[in-house]
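Source file entry-v8.txt; content: compact mmCIF, C-alpha atoms.
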# COMPACT_ATOMS: atom_id res chain seq x y z
CA MET A 4 6.43 82.08 -8.02
CA ILE A 5 4.37 80.42 -5.26
CA ARG A 6 3.73 77.51 -7.62
CA GLU A 7 7.44 77.09 -8.28
CA ALA A 8 8.62 77.58 -4.70
CA PHE A 9 5.90 75.70 -2.80
CA VAL A 10 3.15 73.98 -4.77
CA LEU A 11 5.15 71.86 -7.21
CA PRO A 12 7.93 70.60 -4.89
CA LEU A 13 5.53 69.84 -2.04
CA THR A 14 2.94 68.06 -4.19
CA PHE A 15 5.64 66.00 -5.92
CA LEU A 16 7.09 65.09 -2.52
CA THR A 17 3.61 64.13 -1.30
CA VAL A 18 3.28 61.80 -4.31
CA THR A 19 6.69 60.39 -3.37
CA LEU A 20 5.48 59.71 0.16
CA VAL A 21 2.02 58.38 -0.66
CA GLY A 22 2.94 56.38 -3.78
CA GLY A 23 4.82 53.77 -1.74
CA ILE A 24 2.19 53.14 0.95
CA ARG A 25 0.86 49.58 1.07
CA VAL A 26 -1.56 48.59 3.80
CA ALA A 27 -1.90 44.88 4.61
CA ASP A 28 -1.51 43.43 8.13
CA ARG A 29 1.01 46.19 8.65
CA ILE A 30 1.81 49.42 6.83
CA VAL A 31 4.78 49.14 4.50
CA LEU A 32 6.47 51.99 2.66
CA VAL A 33 7.84 50.53 -0.56
CA PRO A 34 10.71 52.40 -2.24
CA PRO A 35 10.64 52.53 -6.05
CA PRO A 36 12.25 49.57 -7.83
CA LEU A 37 15.04 50.22 -10.33
CA PHE A 38 12.79 49.80 -13.34
CA SER A 39 10.50 52.55 -12.04
CA LEU A 40 13.49 54.88 -12.19
CA VAL A 41 14.01 53.97 -15.85
CA LEU A 42 10.33 54.61 -16.59
CA ALA A 43 10.45 57.92 -14.69
CA PHE A 44 13.45 58.98 -16.74
CA LEU A 45 11.60 58.12 -19.95
CA LEU A 46 8.53 60.01 -18.75
CA LEU A 47 10.49 63.17 -17.97
CA GLY A 48 12.17 62.92 -21.38
CA LEU A 49 8.75 62.61 -22.99
CA LEU A 50 7.44 65.63 -21.08
CA VAL A 51 10.41 67.71 -22.22
CA ARG A 52 10.07 66.59 -25.85
CA SER A 53 6.38 67.39 -25.93
CA GLY A 54 6.85 70.79 -24.30
CA ALA A 55 4.82 69.85 -21.21
CA LEU A 56 7.96 70.56 -19.20
CA ALA A 57 10.40 73.31 -20.15
CA PRO A 58 13.54 72.82 -18.04
CA GLU A 59 15.00 76.01 -19.54
CA ARG A 60 12.26 77.95 -17.74
CA LEU A 61 13.33 76.39 -14.45
CA MET A 62 17.08 76.65 -14.82
CA ASN A 63 19.01 79.08 -16.99
CA GLY A 64 21.82 81.59 -16.80
CA ALA A 65 19.54 84.59 -16.46
CA ARG A 66 18.01 83.31 -13.22
CA SER A 67 19.50 83.85 -9.79
CA PRO A 68 21.19 80.92 -7.98
CA LEU A 69 18.20 80.69 -5.62
CA GLN A 70 15.79 80.50 -8.55
CA ASN A 71 17.94 77.86 -10.24
CA ALA A 72 18.10 75.86 -7.00
CA GLY A 73 14.29 75.98 -6.84
CA GLY A 74 14.13 74.79 -10.46
CA ALA A 75 16.51 71.93 -9.72
CA VAL A 76 14.36 70.90 -6.76
CA ILE A 77 11.28 70.78 -9.01
CA LEU A 78 13.06 68.62 -11.58
CA LEU A 79 14.42 66.30 -8.91
CA THR A 80 11.14 65.93 -7.04
CA ALA A 81 9.25 65.42 -10.34
CA PHE A 82 11.63 62.57 -11.17
CA VAL A 83 11.22 60.87 -7.78
CA ALA A 84 7.43 61.39 -7.85
CA ALA A 85 7.26 59.84 -11.33
CA ALA A 86 9.23 56.83 -10.06
CA GLN A 87 6.81 56.46 -7.13
CA ALA A 88 3.78 56.89 -9.40
CA PHE A 89 5.02 53.97 -11.51
CA ASN A 90 5.76 52.08 -8.28
CA ALA A 91 2.12 52.59 -7.25
CA ALA A 92 0.75 51.55 -10.65
CA ILE A 93 2.90 48.45 -11.25
CA PRO A 94 1.99 45.16 -9.49
CA GLU A 95 4.32 43.99 -6.75
CA ALA A 96 5.42 40.61 -8.03
CA GLY A 97 5.23 37.81 -10.56
CA LEU A 98 4.15 37.78 -14.18
CA PRO A 99 1.88 40.87 -13.90
CA ARG A 100 4.86 42.93 -12.72
CA LEU A 101 6.90 41.89 -15.76
CA LEU A 102 4.00 42.43 -18.17
CA PHE A 103 3.11 45.85 -16.71
CA SER A 104 6.73 46.98 -16.81
CA VAL A 105 7.16 45.99 -20.45
CA PHE A 106 3.73 47.41 -21.35
CA LEU A 107 4.49 50.78 -19.76
CA PHE A 108 7.98 50.90 -21.27
CA VAL A 109 6.62 50.25 -24.76
CA LEU A 110 3.79 52.76 -24.26
CA LEU A 111 6.21 55.50 -23.21
CA VAL A 112 8.61 54.81 -26.08
CA ASN A 113 5.70 54.69 -28.53
CA THR A 114 4.24 57.96 -27.23
CA SER A 115 7.66 59.55 -27.43
CA ALA A 116 8.08 58.40 -31.05
CA ALA A 117 4.71 59.91 -31.96
CA ALA A 118 6.03 63.35 -30.85
CA PRO A 119 2.73 64.58 -29.39
CA ASP A 120 2.09 68.06 -28.04
CA ARG A 121 1.64 68.96 -24.35
CA VAL A 122 -2.11 68.36 -24.15
CA ARG A 123 -1.90 64.99 -25.90
CA VAL A 124 0.93 63.85 -23.63
CA LEU A 125 -1.03 64.77 -20.51
CA ARG A 126 -4.09 62.94 -21.86
CA SER A 127 -1.85 59.97 -22.66
CA MET A 128 -0.50 59.97 -19.07
CA LEU A 129 -4.05 60.00 -17.76
CA VAL A 130 -4.92 56.96 -19.87
CA ILE A 131 -1.68 55.10 -19.03
CA PHE A 132 -1.91 55.58 -15.27
CA GLY A 133 -5.70 55.17 -15.24
CA SER A 134 -5.63 51.86 -17.05
CA ALA A 135 -2.71 50.59 -14.96
CA PHE A 136 -4.63 51.54 -11.81
CA ILE A 137 -7.77 49.70 -12.95
CA LEU A 138 -5.78 46.59 -13.90
CA LYS A 139 -3.83 46.50 -10.65
CA PHE A 140 -6.31 47.63 -8.03
CA ILE A 141 -9.55 46.28 -9.50
CA ILE A 142 -8.82 43.33 -11.80
CA LEU A 143 -5.70 41.86 -10.15
CA ALA A 144 -6.94 42.72 -6.66
CA ALA A 145 -10.18 40.83 -7.38
CA LEU A 146 -8.22 37.82 -8.63
CA SER A 147 -5.97 37.89 -5.55
CA ASP A 148 -8.85 38.29 -3.09
CA PRO A 149 -8.86 35.11 -0.96
CA ALA A 150 -12.56 35.54 -0.15
CA GLY A 151 -13.50 35.94 -3.80
CA GLY A 152 -16.51 37.74 -5.22
CA TRP A 153 -18.61 38.06 -8.35
CA LEU A 154 -15.77 39.76 -10.22
CA LYS A 155 -13.34 37.00 -9.31
CA ARG A 156 -15.81 34.31 -10.43
CA THR A 157 -16.40 36.13 -13.72
CA LEU A 158 -12.69 36.57 -14.34
CA LEU A 159 -11.98 32.95 -13.46
CA ALA A 160 -14.59 31.88 -16.00
CA MET A 161 -12.96 34.11 -18.61
CA LEU A 162 -9.45 32.94 -17.77
CA GLU A 163 -10.37 29.27 -17.78
CA GLY A 164 -7.27 27.08 -17.80
CA LEU A 165 -4.92 29.77 -16.55
CA THR A 166 -3.09 29.10 -13.29
CA LEU A 167 -3.84 31.92 -10.90
CA GLY A 168 -0.50 31.41 -9.17
CA THR A 169 1.12 33.43 -11.93
CA LEU A 170 -1.35 36.30 -11.55
CA SER A 171 -2.30 36.57 -7.91
CA GLN A 172 -0.72 39.28 -5.79
CA GLU A 173 -0.36 39.88 -2.10
CA PRO A 174 -3.85 41.06 -1.03
CA TYR A 175 -3.80 44.59 0.33
CA ARG A 176 -6.52 46.37 2.26
CA PRO A 177 -8.87 48.50 0.11
CA VAL A 178 -7.38 51.67 1.58
CA THR A 179 -4.21 50.96 -0.43
CA GLY A 180 -6.18 51.48 -3.65
CA TYR A 181 -7.62 54.77 -2.43
CA VAL A 182 -4.19 56.00 -1.38
CA ALA A 183 -2.70 54.99 -4.75
CA PHE A 184 -5.57 56.72 -6.57
CA ALA A 185 -4.92 59.92 -4.63
CA ALA A 186 -1.19 59.68 -5.40
CA LEU A 187 -1.76 59.16 -9.14
CA ALA A 188 -4.38 61.93 -9.36
CA LEU A 189 -2.07 64.32 -7.53
CA PHE A 190 0.79 63.34 -9.82
CA ILE A 191 -1.18 63.91 -13.04
CA GLY A 192 -2.45 67.23 -11.65
CA SER A 193 1.09 68.29 -10.79
CA LEU A 194 2.30 67.40 -14.29
CA ALA A 195 -0.27 69.81 -15.68
CA LEU A 196 1.14 72.55 -13.44
CA LEU A 197 4.71 72.18 -14.70
CA PRO A 198 6.03 75.20 -16.62
CA ALA A 199 5.41 74.41 -20.29
CA ARG A 200 7.40 75.48 -23.32
CA GLN A 201 6.22 78.89 -24.50
CA THR A 202 5.21 78.93 -28.14
CA THR A 203 5.35 82.07 -30.21
CA ALA A 204 2.51 82.72 -32.58
CA LEU A 205 3.47 83.33 -36.18
CA THR A 206 1.53 85.96 -38.07
CA ARG A 207 1.59 86.29 -41.82
CA THR A 208 2.45 89.70 -43.16
CA SER A 209 1.68 90.52 -46.74
CA MET B 4 13.79 90.67 -1.29
CA ARG B 5 10.38 89.23 -0.53
CA GLU B 6 10.71 86.78 -3.43
CA SER B 7 14.12 85.61 -2.20
CA LEU B 8 12.70 85.04 1.26
CA LEU B 9 9.75 83.05 -0.08
CA ARG B 10 11.99 80.96 -2.30
CA SER B 11 14.34 80.26 0.62
CA ILE B 12 11.40 79.19 2.79
CA GLY B 13 10.17 76.95 -0.05
CA LEU B 14 13.58 75.32 -0.42
CA ALA B 15 13.89 74.77 3.34
CA LEU B 16 10.38 73.28 3.48
CA ALA B 17 11.08 70.96 0.57
CA ALA B 18 14.39 69.85 2.11
CA ALA B 19 12.75 69.18 5.49
CA TYR B 20 9.85 67.31 3.86
CA ALA B 21 12.24 65.23 1.73
CA PHE B 22 14.30 64.40 4.83
CA PHE B 23 11.12 63.38 6.68
CA ILE B 24 10.02 61.13 3.79
CA GLY B 25 13.47 59.51 3.60
CA TRP B 26 13.42 58.96 7.36
CA LEU B 27 9.94 57.37 7.16
CA TYR B 28 11.02 55.00 4.40
CA ILE B 29 14.09 53.94 6.39
CA ARG B 30 12.41 53.53 9.79
CA GLN B 31 9.06 52.16 8.51
CA PRO B 32 6.95 53.12 11.58
CA GLN B 33 3.69 51.19 11.96
CA THR B 34 1.70 53.53 14.15
CA VAL B 35 1.59 57.23 14.96
CA ALA B 36 3.03 56.38 18.41
CA GLU B 37 5.96 54.60 16.77
CA MET B 38 6.50 57.54 14.43
CA THR B 39 6.48 60.20 17.13
CA GLY B 40 8.51 57.95 19.44
CA ALA B 41 11.15 57.28 16.79
CA MET B 42 11.34 60.99 16.01
CA SER B 43 11.78 61.94 19.67
CA ALA B 44 14.31 59.10 20.11
CA SER B 45 16.32 60.39 17.16
CA ILE B 46 16.75 63.73 18.97
CA GLY B 47 17.29 62.06 22.35
CA VAL B 48 14.12 63.09 24.18
CA TYR B 49 12.22 59.79 24.16
CA GLN B 50 11.20 58.51 27.61
CA VAL B 51 9.57 55.29 28.72
CA ASP B 52 6.77 55.15 31.26
CA GLU B 53 8.77 54.05 34.32
CA THR B 54 5.70 52.98 36.30
CA ALA B 55 4.54 50.68 33.50
CA PHE B 56 8.11 49.39 33.14
CA ALA B 57 8.26 48.56 36.86
CA ASP B 58 4.93 46.72 36.53
CA GLY B 59 6.30 44.79 33.57
CA LEU B 60 9.46 43.86 35.44
CA ARG B 61 7.50 42.65 38.46
CA LEU B 62 5.26 40.49 36.26
CA PHE B 63 8.29 39.22 34.31
CA ARG B 64 9.97 38.08 37.54
CA ALA B 65 6.72 36.38 38.57
CA SER B 66 6.83 34.47 35.24
CA GLN B 67 3.61 36.13 34.05
CA PHE B 68 5.11 36.74 30.64
CA GLU B 69 2.04 37.75 28.64
CA ALA B 70 0.98 40.25 31.31
CA SER B 71 4.53 41.56 31.55
CA ARG B 72 4.61 42.18 27.80
CA LEU B 73 1.38 44.18 28.02
CA ALA B 74 2.98 46.38 30.66
CA PHE B 75 6.25 46.65 28.70
CA ASP B 76 4.31 47.64 25.59
CA ARG B 77 2.57 50.33 27.59
CA ALA B 78 5.92 51.53 28.89
CA ASP B 79 7.55 51.68 25.46
CA ARG B 80 4.75 52.40 22.99
CA ALA B 81 7.12 53.40 20.23
CA HIS B 82 9.39 50.32 20.60
CA GLN B 83 12.38 52.61 20.91
CA ASP B 84 13.77 51.70 24.35
CA PRO B 85 16.50 49.01 24.13
CA ARG B 86 16.10 47.89 27.75
CA THR B 87 12.33 47.37 27.49
CA GLN B 88 12.65 45.58 24.17
CA PHE B 89 15.35 43.38 25.72
CA TYR B 90 12.96 42.32 28.48
CA ILE B 91 10.19 41.69 25.94
CA ALA B 92 12.56 39.45 23.97
CA TYR B 93 13.58 37.70 27.19
CA SER B 94 9.94 37.11 28.11
CA TYR B 95 9.37 35.45 24.74
CA TYR B 96 12.47 33.31 25.32
CA ARG B 97 11.38 32.18 28.78
CA GLN B 98 7.80 31.55 27.72
CA GLY B 99 8.80 29.72 24.56
CA TRP B 100 11.57 27.64 26.09
CA GLY B 101 10.76 23.95 26.55
CA ARG B 102 12.71 21.03 27.92
CA VAL B 103 11.79 18.87 24.92
CA TYR B 104 11.15 21.51 22.27
CA ASN B 105 10.88 25.29 21.96
CA ASP B 106 7.91 27.25 20.68
CA ASP B 107 9.17 28.57 17.37
CA VAL B 108 6.51 31.28 17.08
CA LEU B 109 7.44 32.80 20.44
CA PHE B 110 11.15 32.48 19.71
CA GLN B 111 10.63 34.27 16.38
CA ARG B 112 8.83 37.12 18.14
CA GLY B 113 11.65 37.23 20.67
CA LEU B 114 14.13 37.52 17.84
CA GLU B 115 12.15 40.41 16.35
CA ALA B 116 12.11 42.16 19.75
CA ILE B 117 15.85 41.72 20.34
CA ASP B 118 16.51 43.00 16.81
CA ARG B 119 14.50 46.11 17.71
CA ALA B 120 16.48 46.45 20.94
CA ILE B 121 19.81 46.16 19.13
CA ALA B 122 18.68 48.62 16.44
CA ALA B 123 17.65 51.17 19.09
CA ALA B 124 20.75 50.73 21.30
CA PRO B 125 23.75 53.04 20.82
CA ASN B 126 26.24 51.22 18.55
CA GLY B 127 23.94 48.18 18.70
CA ARG B 128 25.33 47.23 22.14
CA ILE B 129 22.86 46.43 24.89
CA VAL B 130 23.79 45.21 28.38
CA VAL B 131 21.20 44.90 31.14
CA GLU B 132 22.53 44.62 34.70
CA ASP B 133 19.96 42.31 36.23
CA ARG B 134 21.12 39.55 38.60
CA ASP B 135 18.00 37.49 37.88
CA LEU B 136 19.02 37.03 34.27
CA GLN B 137 21.66 34.61 33.05
CA MET B 138 21.96 36.37 29.72
CA ARG B 139 22.60 40.06 30.20
CA SER B 140 23.61 41.20 26.73
CA GLY B 141 21.60 41.50 23.55
CA ASP B 142 24.16 39.38 21.70
CA GLU B 143 23.78 36.44 24.11
CA LEU B 144 20.00 36.56 23.98
CA LYS B 145 19.92 36.86 20.21
CA ALA B 146 22.32 33.92 19.80
CA GLU B 147 20.20 31.82 22.18
CA LEU B 148 17.00 32.63 20.28
CA GLN B 149 18.64 31.90 16.93
CA ALA B 150 20.02 28.60 18.26
CA GLY B 151 16.53 27.69 19.50
CA LEU B 152 15.10 28.24 16.03
CA ARG B 153 17.76 26.17 14.23
CA ARG B 154 17.11 22.53 13.34
CA GLU B 155 20.16 20.40 14.17
CA ALA B 156 21.03 16.76 14.82
CA SER B 157 21.71 17.66 18.47
CA ASP B 158 17.98 18.45 18.82
CA PHE B 159 17.41 14.67 19.01
CA ASN B 160 19.92 14.15 21.81
CA PRO B 161 17.87 12.72 24.73
CA LEU B 162 20.25 14.34 27.23
CA LYS B 163 18.87 17.65 26.06
CA VAL B 164 16.01 17.31 28.55
CA PHE B 165 18.49 18.04 31.36
CA ARG B 166 19.43 21.47 30.04
CA GLN B 167 18.42 24.51 32.04
CA ARG B 168 16.48 27.59 31.03
CA LYS B 169 18.59 30.71 31.25
Could you take the file, read its structure, and then write that structure out as structure tokens?
Amino acid sequence: MIREAFVLPLTFLTVTLVGGIRVADRIVLVPPPLFSLVLAFLLLGLLVRSGALAPERLMNGARSPLQNAGGAVILLTAFVAAAQAFNAAIPEAGLPRLLFSVFLFVLLVNTSAAAPDRVRVLRSMLVIFGSAFILKFIILAALSDPAGGWLKRTLLAMLEGLTLGTLSQEPYRPVTGYVAFAALALFIGSLALLPARQTTALTRTS
Amino acid sequence: MRESLLRSIGLALAAAYAFFIGWLYIRQPQTVAEMTGAMSASIGVYQVDETAFADGLRLFRASQFEASRLAFDRADRAHQDPRTQFYIAYSYYRQGWGRVYNDDVLFQRGLEAIDRAIAAAPNGRIVVEDRDLQMRSGDELKAELQAGLRREASDFNPLKVFRQRK
């Protein structure tokens, strides 16, 4: 009950708050773009299909109006938090933004088509958000770093002939990466806490 | 009974937190002072430091614009007082104004300050009764700053050197 009334809504709202923080010369709170909403919708659909989220356990006719209102808040905050998690993981502009968006869309559709169970879906989310984080906050951030470093030199050597103008992003302070990491970790953790579909064990009688 | 109470508290907390997050995303505060100032302004209890404001006004009238802005910033740490932001914008205008050309950087900062003043003023209307100023409304000052930033053929009119600073 505590998890449903306090833990889940408040952690999802914290992801919503933290997922949009970008620290450069000034602090900017970036609302989720429209495509993040589409991806969030797909993600929630995937969670329901896999049984990682059982909306019928949050809202049904047998529950009191207060309990149903609490369930609706969880679903709503989970949706907004998912949108902000994608907002944190997707680059801000240019070709990387387009590529990441398409990549994540295809990954979600593909995972949905594979009809995985709850554990596999949560593992898949960990891989999806983890790899997006590494690409955005380590690889792309290194390429966009005006000072440069060994990673940038290595990547430039690997990407010989490619114009960096299509890849480079607005350089953020390192704290942005830490904040995004915290938001994504909190989001994945919260997904694992969602009420899952209850399976009934079948026993053979002879 | 206890469960209903806990669930109600949870819903109220979530609603308040969601409202706070929405407010933060709309107002985009840059510092903790701006955040607390904007929150207190939204409930009508924000106050400027009148001593610092008086210092700023004295320095502004003595044409010490950079020093006046330091005092005005101290008076209105949260950038929520329309009158103080108006004077900050005016100081940028007077400092950036030139007989031959204006300083675009200072004019741009003045425009940002007057936008803050207009955003903080009730119904976006700001009028400062100060006999030392030729422009006493936010609209006049904003129009003057915008005109100063525009590139026009009249900029090359040699008679422009005879115009007066407001």
### Task
Find the residues of chain A in contact range of chain B, meaning any atom within 9 Å when counting only C-alpha atoms, and list them as number ranges by chain.
A: 4-5, 7-10, 12-13, 16-17, 19-20, 23, 29-34, 69-70, 72-73, 76, 80
### Task
For segment 51-54 of chain A, work out the shell of residues within 10 Å, counting all atoms listed in the file and skipping chain neighbours fewer than 6 positions away, then give it as number ranges by chain.
A: 45, 114-125, 197-202
### Message
Please report the interatomic distance between atom CA of Lys139 of chain A and atom CA of Ile77 of chain A in Å with one decimal.
### Response
28.6 Å
### Message
Between B:Gly151, B:Ser94, B:Glu115, B:Leu60, which residue has the minimum interatomic distance to Asp133 of chain B, considering all atoms listed in the file?
### Response
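Under the stated criterion, the closest residue is B:Leu60.
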### Task
To one decimal in Å, tell me the separation between atom CA of Gly192 of chain A and atom CA of Glu95 of chain A.
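It comes out at 24.7 Å.
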### Task
Would you mind telling me which residue in A:Ala57, A:Ala43, A:Val21, A:Ile93 lies nearest to Val105 of chain A when using all atoms listed in the file?
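For Val105 of chain A, the nearest of the given residues is A:Ile93.
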### Query
What is the atom CA of Asp118 of chain B-atom CA of Val35 of chain B distance in Å, reported with one decimal?
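Going from atom CA of Asp118 of chain B over to atom CA of Val35 of chain B covers 20.7 Å.
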Residue contacts of Ile91 of chain B (7 Å, only C-alpha atoms) excluding same-chain residues fewer than 4 positions away, as a PDB file with C-alpha atoms, in the coordinates of the input:
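Contents of result_30.pdb, as written:
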ATOM      1  CA  ARG B  72       4.610  42.180  27.800  1.00  0.00           C
ATOM      2  CA  PHE B  75       6.250  46.650  28.700  1.00  0.00           C
ATOM      3  CA  THR B  87      12.330  47.370  27.490  1.00  0.00           C
ATOM      4  CA  TYR B  95       9.370  35.450  24.740  1.00  0.00           C
ATOM      5  CA  ALA B 116      12.110  42.160  19.750  1.00  0.00           C
TER       6      ALA B 116
END
### Task
May I ask which of the residues B:Asp76, B:Gln88, B:Trp26, B:Tyr93 is the closest one to Asp135 of chain B, counting all atoms listed in the file?
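Nearest to Asp135 of chain B: B:Tyr93.
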### Within 8 Å of segment 176-183 of chain A using only C-alpha atoms, minus same-chain residues under 4 positions, as a list in words
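With the cut-off at 8 Å, the set is Val21, Gly22, Ile24, Arg25, Val26, Ala27, Ala91, Ala92, Phe140 and Leu187 of chain A.
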Just give me the residues with any atom within 12 Å of (6.9, 57.8, 26.1), file coordinates, counting all atoms listed in the file, written as an mmCIF file with C-alpha atoms, keeping the file's coordinate frame.
data_model
loop_
_atom_site.group_PDB
_atom_site.id
_atom_site.type_symbol
_atom_site.label_atom_id
_atom_site.label_comp_id
_atom_site.auth_asym_id
_atom_site.auth_seq_id
_atom_site.Cartn_x
_atom_site.Cartn_y
_atom_site.Cartn_z
ATOM 1 C CA ALA B 36 3.030 56.380 18.410
ATOM 2 C CA GLU B 37 5.960 54.600 16.770
ATOM 3 C CA MET B 38 6.500 57.540 14.430
ATOM 4 C CA THR B 39 6.480 60.200 17.130
ATOM 5 C CA GLY B 40 8.510 57.950 19.440
ATOM 6 C CA ALA B 41 11.150 57.280 16.790
ATOM 7 C CA MET B 42 11.340 60.990 16.010
ATOM 8 C CA SER B 43 11.780 61.940 19.670
ATOM 9 C CA ALA B 44 14.310 59.100 20.110
ATOM 10 C CA GLY B 47 17.290 62.060 22.350
ATOM 11 C CA VAL B 48 14.120 63.090 24.180
ATOM 12 C CA TYR B 49 12.220 59.790 24.160
ATOM 13 C CA GLN B 50 11.200 58.510 27.610
ATOM 14 C CA VAL B 51 9.570 55.290 28.720
ATOM 15 C CA ASP B 52 6.770 55.150 31.260
ATOM 16 C CA GLU B 53 8.770 54.050 34.320
ATOM 17 C CA THR B 54 5.700 52.980 36.300
ATOM 18 C CA ALA B 55 4.540 50.680 33.500
ATOM 19 C CA PHE B 56 8.110 49.390 33.140
ATOM 20 C CA PHE B 75 6.250 46.650 28.700
ATOM 21 C CA ASP B 76 4.310 47.640 25.590
ATOM 22 C CA ARG B 77 2.570 50.330 27.590
ATOM 23 C CA ALA B 78 5.920 51.530 28.890
ATOM 24 C CA ASP B 79 7.550 51.680 25.460
ATOM 25 C CA ARG B 80 4.750 52.400 22.990
ATOM 26 C CA ALA B 81 7.120 53.400 20.230
ATOM 27 C CA HIS B 82 9.390 50.320 20.600
ATOM 28 C CA GLN B 83 12.380 52.610 20.910
ATOM 29 C CA ASP B 84 13.770 51.700 24.350
ATOM 30 C CA THR B 87 12.330 47.370 27.490
#
### Query
Can you tell me, as number ranges by chain, what residues are no more than 9 Å from segment 142-146 of chain B when counting all atoms listed in the file, ignoring any on the same chain fewer than 6 positions away?
B: 89, 92-93, 96, 113-114, 117-118, 121, 128-130
Output segment 33-50 of chain B as a PDB file, in the frame of the given file, making sure N, CA and C atoms are there.
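Written output follows (rebuild15.pdb):
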ATOM      1  N   GLN B  33       4.984  51.834  12.202  1.00  0.00           N
ATOM      2  CA  GLN B  33       3.690  51.190  11.960  1.00  0.00           C
ATOM      3  C   GLN B  33       2.517  51.974  12.521  1.00  0.00           C
ATOM      4  N   THR B  34       2.772  52.767  13.534  1.00  0.00           N
ATOM      5  CA  THR B  34       1.700  53.530  14.150  1.00  0.00           C
ATOM      6  C   THR B  34       2.172  54.971  14.349  1.00  0.00           C
ATOM      7  N   VAL B  35       1.220  55.830  14.687  1.00  0.00           N
ATOM      8  CA  VAL B  35       1.590  57.230  14.960  1.00  0.00           C
ATOM      9  C   VAL B  35       2.483  57.284  16.203  1.00  0.00           C
ATOM     10  N   ALA B  36       2.199  56.410  17.194  1.00  0.00           N
ATOM     11  CA  ALA B  36       3.030  56.380  18.410  1.00  0.00           C
ATOM     12  C   ALA B  36       4.460  55.996  18.069  1.00  0.00           C
ATOM     13  N   GLU B  37       4.608  55.013  17.174  1.00  0.00           N
ATOM     14  CA  GLU B  37       5.960  54.600  16.770  1.00  0.00           C
ATOM     15  C   GLU B  37       6.660  55.744  16.047  1.00  0.00           C
ATOM     16  N   MET B  38       5.892  56.452  15.202  1.00  0.00           N
ATOM     17  CA  MET B  38       6.500  57.540  14.430  1.00  0.00           C
ATOM     18  C   MET B  38       6.972  58.667  15.342  1.00  0.00           C
ATOM     19  N   THR B  39       6.086  59.092  16.242  1.00  0.00           N
ATOM     20  CA  THR B  39       6.480  60.200  17.130  1.00  0.00           C
ATOM     21  C   THR B  39       7.578  59.738  18.083  1.00  0.00           C
ATOM     22  N   GLY B  40       7.488  58.483  18.538  1.00  0.00           N
ATOM     23  CA  GLY B  40       8.510  57.950  19.440  1.00  0.00           C
ATOM     24  C   GLY B  40       9.865  57.876  18.769  1.00  0.00           C
ATOM     25  N   ALA B  41       9.870  57.392  17.520  1.00  0.00           N
ATOM     26  CA  ALA B  41      11.150  57.280  16.790  1.00  0.00           C
ATOM     27  C   ALA B  41      11.737  58.660  16.530  1.00  0.00           C
ATOM     28  N   MET B  42      10.841  59.632  16.250  1.00  0.00           N
ATOM     29  CA  MET B  42      11.340  60.990  16.010  1.00  0.00           C
ATOM     30  C   MET B  42      11.947  61.573  17.282  1.00  0.00           C
ATOM     31  N   SER B  43      11.237  61.388  18.414  1.00  0.00           N
ATOM     32  CA  SER B  43      11.780  61.940  19.670  1.00  0.00           C
ATOM     33  C   SER B  43      13.038  61.176  20.081  1.00  0.00           C
ATOM     34  N   ALA B  44      13.094  59.854  19.775  1.00  0.00           N
ATOM     35  CA  ALA B  44      14.310  59.100  20.110  1.00  0.00           C
ATOM     36  C   ALA B  44      15.495  59.584  19.282  1.00  0.00           C
ATOM     37  N   SER B  45      15.220  59.969  18.031  1.00  0.00           N
ATOM     38  CA  SER B  45      16.320  60.390  17.160  1.00  0.00           C
ATOM     39  C   SER B  45      16.934  61.714  17.636  1.00  0.00           C
ATOM     40  N   ILE B  46      16.159  62.497  18.429  1.00  0.00           N
ATOM     41  CA  ILE B  46      16.750  63.730  18.970  1.00  0.00           C
ATOM     42  C   ILE B  46      17.011  63.586  20.468  1.00  0.00           C
ATOM     43  N   GLY B  47      16.877  62.353  20.981  1.00  0.00           N
ATOM     44  CA  GLY B  47      17.290  62.060  22.350  1.00  0.00           C
ATOM     45  C   GLY B  47      16.342  62.501  23.437  1.00  0.00           C
ATOM     46  N   VAL B  48      15.061  62.647  23.127  1.00  0.00           N
ATOM     47  CA  VAL B  48      14.120  63.090  24.180  1.00  0.00           C
ATOM     48  C   VAL B  48      13.043  62.039  24.467  1.00  0.00           C
ATOM     49  N   TYR B  49      13.235  60.832  23.951  1.00  0.00           N
ATOM     50  CA  TYR B  49      12.220  59.790  24.160  1.00  0.00           C
ATOM     51  C   TYR B  49      12.342  59.231  25.586  1.00  0.00           C
ATOM     52  N   GLN B  50      11.202  59.045  26.251  1.00  0.00           N
ATOM     53  CA  GLN B  50      11.200  58.510  27.610  1.00  0.00           C
ATOM     54  C   GLN B  50      10.172  57.406  27.729  1.00  0.00           C
TER      55      GLN B  50
END
